[in-house]
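Asker: For reference, the structure I am asking about is given below.
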Amino acid sequence: MSVEAAPGADGQPLLFDTAAFGSPQQGFARLCELIADICDATILGEAEAFRVVASNLHLGSALLLESRSSALRYNRTAEHIARGLDHFQLVMYLGGGAEFVVGERSFLQRAGDVSLINMSKPHLTREIPGDDGATEVMSFMLPRPLLAPLFAAIDTQPAIVIARRESAFGALIGEHMLALRRVARQLTQAERQAAAQSLAQLAAGGMDQRSESAGPVASPSQEALLAAIKRHIEDNLGTATLDVASLSRRFALSRASLYRLFAPQSPASYIQQRRLHRAFAILVSPAFRPWRVIDVAIECQFSSDATFIRAFRREFGITPGEARERALRITNLPPDDRAPAPHPDAESARWVAELTGAIPQLPALRAERRA
């Protein structure tokens with residue numbers, strides 16, 4: 001969930017409390033406004049008794065969220081996903097729990113279990129109140145670029161993965177999350193970023209879902225090498241020289257060795273897939289609305305808009321133009337309103353840069369800056 005984006009002082013948490021509004025209904029209405037781009041919310045109990053107290057704290061590129069609230073139902077649909085906020089959510093309920101519904105399957109999370117939620121897939125969350133009638137939850141929002149180099153195949157990850165509190169890994173990651181929560185406010189910004197990266201590595205290491213057809217499990221040294229290669233790919237998606245040959249040279253690997261590391265996917269298809277997901281995030285971001293489809297294609301290293309459109313349709317089932325139009329409908333902007341100020345606000349630009357790696361300015365301005 002999201003919280004009130006009120007000013008915070010030097011890394012201190014931002015706070016949101018529905019008690020600050022005139023009535024529980026007004027507080028709930030404000031909450032719905034804040035999370036409108038992420039999901040729809042419904043109160044499961046008495047509206048007159050509704051209350052949410054929540055806070056957030058930036059941990060480098062990650063975000064720590066904490067809340068205590070009346071039970072809610074959250075529905076994340078395909079239209080919310082089209083807004084382009086591309087991340088995973090690592091969740092632990094400290095009181096109460098939740099039922100997740102994905103298609104025709106349901107997953108129960110109890111207090112103390114840890115779930116990793118892939119927010120790029122639609123799902124429904126029904127919270128289950130504890131004995132005191134409320135739910136208490138902490139979660140870490142982890143941007144996809146932070147996790148992508150750590151998974152064998154991040155885009156095949158299921159919507160929900162749960163580590164049970166009784167399991168060794170569930171206990172390990174749960175204790176790690178609680179420890180990070182206790183000390184987060186005392187960490188420097190550099191330490192917070194390091195802590196977020198450590199948490200992402202732990203989550204990916206324990207929850208990576210490998211299919212039986214993926215072949216033998218890689219050794220720790222192979223996994224470390226693959227993670228380093230994927231991190232290099234993520235940092236260079238906008239570079240024309242990023243290809244199989246350059247990866248072989250940089251990491252001193254033969255083509256055959258490189259292909260074995262990425263099996264069953266090929267390195268080239270992985271690079272294209274990551275570029276397409278980057279293109280999707282750019283297309284639906286308001287900060288990039290002045291860009292034409294050809295601008296996005298060139299930024300993401302496609303040789304022509306026709307090639308880009310074909311690849312985009314194969315990956316997402318819609319064209320780049322359709323992805324942008326859906327995002328425009330969600331933001332209630334008319335399709336021809338594509339000319340905001342070329343320099344977005346600093347907060348928007350920072351989030352766009354974290355999620356896409358691209359510079360949210362007009363291509364001409366980028367060229368001017370580089371010159």
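FYI, nothing fancy with the structure tokens labels: chains A, B, ... in order, residues from 1 per chain, ligands from 1 as they appear.
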Tell me, which residues of segment 92-260 of chain A carry DSSP helix (DSSP H, G or I), written as a PyMOL selection string?
Answerer: chain A and resi 144-150+154-156+168-186+189-207+212-214+220-235+244-250+255-260
Asker: Might you pull out every residue within 8 Å of Pro320 of chain A, with only C-alpha atoms counted and same-chain residues fewer than 3 positions away left off, and present them as an mmCIF file with C-alpha atoms, in the first residue's frame?
Answerer:
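So the final result, stored in around-v7.cif, reads:
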data_model
loop_
_atom_site.group_PDB
_atom_site.id
_atom_site.type_symbol
_atom_site.label_atom_id
_atom_site.label_comp_id
_atom_site.auth_asym_id
_atom_site.auth_seq_id
_atom_site.Cartn_x
_atom_site.Cartn_y
_atom_site.Cartn_z
ATOM 1 C CA PHE A 280 6.999 -0.618 -21.331
ATOM 2 C CA LEU A 283 5.765 4.269 -22.451
ATOM 3 C CA VAL A 293 7.250 5.404 -30.152
ATOM 4 C CA ILE A 309 6.339 -2.911 -32.378
ATOM 5 C CA PHE A 312 6.576 -5.555 -28.086
ATOM 6 C CA ARG A 313 3.367 -7.235 -29.298
ATOM 7 C CA ALA A 323 0.076 0.428 -23.779
ATOM 8 C CA ARG A 324 0.408 4.217 -23.758
#
Asker: Can you tell me, as number ranges by chain, what residues are no more than 9 Å from Glu99 of chain A when counting only C-alpha atoms, ignoring any on the same chain fewer than 5 positions away?
Answerer: A: 106-110, 124-128
Asker: Would you mind listing what lies within 7 Å of segment 239-245 of chain A as a ChimeraX atom specification, with only C-alpha atoms counted and same-chain residues fewer than 6 positions away left out?
Answerer: /A:267-268,301
Asker: Can you write just those residues out, C-alpha atoms, as a PDB file, in the first residue's frame?
Answerer:
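Here's the written file again_18.pdb:
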ATOM      1  CA  PRO A 267      21.577 -14.286 -23.541  1.00  0.00           C
ATOM      2  CA  ALA A 268      20.273 -12.374 -26.577  1.00  0.00           C
ATOM      3  CA  GLN A 301      18.229  -0.153 -28.988  1.00  0.00           C
TER       4      GLN A 301
END
Asker: Among the residues of segment 131-287 of chain A, find those DSSP assigns to strand (DSSP E) from the backbone and print them as an MDAnalysis selection string.
Answerer: chainID A and resid 135:143 160:163
Asker: For the residues in that selection, give me C-alpha atoms as an mmCIF file, in the first residue's frame.
Answerer:
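This went into out-v3.cif:
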data_model
loop_
_atom_site.group_PDB
_atom_site.id
_atom_site.type_symbol
_atom_site.label_atom_id
_atom_site.label_comp_id
_atom_site.auth_asym_id
_atom_site.auth_seq_id
_atom_site.Cartn_x
_atom_site.Cartn_y
_atom_site.Cartn_z
ATOM 1 C CA THR A 135 -4.047 -6.220 10.815
ATOM 2 C CA GLU A 136 -0.427 -5.193 11.309
ATOM 3 C CA VAL A 137 1.946 -5.570 8.380
ATOM 4 C CA MET A 138 5.394 -4.553 7.247
ATOM 5 C CA SER A 139 6.611 -4.813 3.684
ATOM 6 C CA PHE A 140 9.600 -3.894 1.596
ATOM 7 C CA MET A 141 8.990 -2.562 -1.921
ATOM 8 C CA LEU A 142 11.853 -3.804 -4.116
ATOM 9 C CA PRO A 143 12.153 -2.351 -7.662
ATOM 10 C CA ILE A 160 2.805 -15.056 -5.011
ATOM 11 C CA VAL A 161 5.541 -17.112 -3.321
ATOM 12 C CA ILE A 162 5.203 -17.817 0.414
ATOM 13 C CA ALA A 163 7.921 -18.889 2.856
#
Asker: Between atom CA of Leu44 of chain A and atom CA of Arg73 of chain A, what is the distance in Å, rounded to a tenth?
Answerer: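 Straight-line distance from atom CA of Leu44 of chain A to atom CA of Arg73 of chain A works out to 6.6 Å.
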Asker: Which residues, written as a PyMOL selection string, have at least one atom at most 12 Å from Gly238 of chain A, with only C-alpha atoms counted and residues fewer than 4 positions away on the same chain left out?
Answerer: chain A and resi 232-234+242-243+271-272+274-276+278-279+296-302+356-359
Asker: For those residues, write N, CA and C atoms to a file as a PDB file, in the first residue's frame.
Answerer:
ATOM      1  N   HIS A 232      25.242  -6.347 -14.948  1.00  0.00           N
ATOM      2  CA  HIS A 232      25.891  -5.566 -16.007  1.00  0.00           C
ATOM      3  C   HIS A 232      24.900  -5.274 -17.140  1.00  0.00           C
ATOM      4  N   ILE A 233      24.085  -6.252 -17.507  1.00  0.00           N
ATOM      5  CA  ILE A 233      23.073  -6.055 -18.547  1.00  0.00           C
ATOM      6  C   ILE A 233      22.089  -4.965 -18.117  1.00  0.00           C
ATOM      7  N   GLU A 234      21.617  -5.036 -16.869  1.00  0.00           N
ATOM      8  CA  GLU A 234      20.644  -4.066 -16.376  1.00  0.00           C
ATOM      9  C   GLU A 234      21.210  -2.650 -16.419  1.00  0.00           C
ATOM     10  N   LEU A 242      25.907  -3.532 -26.175  1.00  0.00           N
ATOM     11  CA  LEU A 242      25.548  -4.654 -25.310  1.00  0.00           C
ATOM     12  C   LEU A 242      25.037  -5.812 -26.158  1.00  0.00           C
ATOM     13  N   ASP A 243      25.807  -6.879 -26.259  1.00  0.00           N
ATOM     14  CA  ASP A 243      25.401  -8.063 -27.008  1.00  0.00           C
ATOM     15  C   ASP A 243      26.179  -9.266 -26.498  1.00  0.00           C
ATOM     16  N   ILE A 271      18.404 -10.206 -23.009  1.00  0.00           N
ATOM     17  CA  ILE A 271      18.665  -8.772 -23.200  1.00  0.00           C
ATOM     18  C   ILE A 271      17.454  -8.098 -23.850  1.00  0.00           C
ATOM     19  N   GLN A 272      16.904  -8.723 -24.892  1.00  0.00           N
ATOM     20  CA  GLN A 272      15.747  -8.128 -25.559  1.00  0.00           C
ATOM     21  C   GLN A 272      14.552  -8.051 -24.617  1.00  0.00           C
ATOM     22  N   ARG A 274      14.562  -7.753 -21.358  1.00  0.00           N
ATOM     23  CA  ARG A 274      14.765  -6.674 -20.395  1.00  0.00           C
ATOM     24  C   ARG A 274      14.576  -5.304 -21.057  1.00  0.00           C
ATOM     25  N   ARG A 275      15.013  -5.175 -22.315  1.00  0.00           N
ATOM     26  CA  ARG A 275      14.813  -3.906 -23.022  1.00  0.00           C
ATOM     27  C   ARG A 275      13.332  -3.647 -23.276  1.00  0.00           C
ATOM     28  N   LEU A 276      12.581  -4.686 -23.564  1.00  0.00           N
ATOM     29  CA  LEU A 276      11.143  -4.518 -23.791  1.00  0.00           C
ATOM     30  C   LEU A 276      10.430  -4.094 -22.506  1.00  0.00           C
ATOM     31  N   ARG A 278      11.791  -2.451 -20.067  1.00  0.00           N
ATOM     32  CA  ARG A 278      12.197  -1.066 -19.867  1.00  0.00           C
ATOM     33  C   ARG A 278      11.367  -0.136 -20.760  1.00  0.00           C
ATOM     34  N   ALA A 279      11.151  -0.563 -22.016  1.00  0.00           N
ATOM     35  CA  ALA A 279      10.347   0.232 -22.941  1.00  0.00           C
ATOM     36  C   ALA A 279       8.920   0.388 -22.429  1.00  0.00           C
ATOM     37  N   VAL A 296      11.301   5.864 -28.139  1.00  0.00           N
ATOM     38  CA  VAL A 296      11.438   4.772 -27.176  1.00  0.00           C
ATOM     39  C   VAL A 296      12.185   3.604 -27.805  1.00  0.00           C
ATOM     40  N   ALA A 297      11.849   3.287 -29.063  1.00  0.00           N
ATOM     41  CA  ALA A 297      12.520   2.190 -29.769  1.00  0.00           C
ATOM     42  C   ALA A 297      14.028   2.431 -29.843  1.00  0.00           C
ATOM     43  N   ILE A 298      14.431   3.657 -30.205  1.00  0.00           N
ATOM     44  CA  ILE A 298      15.858   3.978 -30.318  1.00  0.00           C
ATOM     45  C   ILE A 298      16.519   3.940 -28.943  1.00  0.00           C
ATOM     46  N   GLU A 299      15.854   4.500 -27.934  1.00  0.00           N
ATOM     47  CA  GLU A 299      16.408   4.482 -26.576  1.00  0.00           C
ATOM     48  C   GLU A 299      16.665   3.054 -26.100  1.00  0.00           C
ATOM     49  N   CYS A 300      15.788   2.132 -26.504  1.00  0.00           N
ATOM     50  CA  CYS A 300      15.903   0.735 -26.067  1.00  0.00           C
ATOM     51  C   CYS A 300      16.609  -0.138 -27.104  1.00  0.00           C
ATOM     52  N   GLN A 301      17.319   0.513 -28.064  1.00  0.00           N
ATOM     53  CA  GLN A 301      18.229  -0.153 -28.988  1.00  0.00           C
ATOM     54  C   GLN A 301      17.553  -1.087 -29.987  1.00  0.00           C
ATOM     55  N   PHE A 302      16.354  -0.683 -30.470  1.00  0.00           N
ATOM     56  CA  PHE A 302      15.731  -1.406 -31.575  1.00  0.00           C
ATOM     57  C   PHE A 302      16.043  -0.669 -32.876  1.00  0.00           C
ATOM     58  N   THR A 356      13.432   2.469 -14.645  1.00  0.00           N
ATOM     59  CA  THR A 356      13.696   2.245 -16.068  1.00  0.00           C
ATOM     60  C   THR A 356      15.146   2.411 -16.463  1.00  0.00           C
ATOM     61  N   GLY A 357      15.914   3.167 -15.703  1.00  0.00           N
ATOM     62  CA  GLY A 357      17.289   3.457 -16.082  1.00  0.00           C
ATOM     63  C   GLY A 357      17.396   4.513 -17.157  1.00  0.00           C
ATOM     64  N   ALA A 358      16.278   5.081 -17.597  1.00  0.00           N
ATOM     65  CA  ALA A 358      16.285   6.080 -18.672  1.00  0.00           C
ATOM     66  C   ALA A 358      16.236   7.484 -18.093  1.00  0.00           C
ATOM     67  N   ILE A 359      16.577   8.464 -18.923  1.00  0.00           N
ATOM     68  CA  ILE A 359      16.587   9.858 -18.499  1.00  0.00           C
ATOM     69  C   ILE A 359      15.273  10.497 -18.918  1.00  0.00           C
TER      70      ILE A 359
END
Asker: Kindly give the distance, in Å, that separates atom CA of Ser285 of chain A and atom CA of Thr42 of chain A, rounded to a single decimal.
Answerer: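 Those two atoms sit 26.6 Å apart.
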Asker: With only C-alpha atoms as the counted atoms, please give the residues lying no more than 12 Å from Ile81 of chain A, apart from itself and same-chain residues fewer than 6 positions off, as a list in words.
Answerer: Ala36, Asp37, Ile38, Cys39, Asp40, Asn75, His87, Asn118, Met119, Ser120, Lys121, Pro122, His123, Phe280, Ala281, Val284, Ser285, Phe316, Ala323, Arg326, Ala327 and Ile330 of chain A
Asker: Taking into account only C-alpha atoms, which residue in the set A:Ile318, A:Leu187, A:Leu146, A:Phe262 is nearest to Leu57 of chain A?
Answerer: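 Counting only C-alpha atoms, the residue closest to Leu57 of chain A is A:Leu187.
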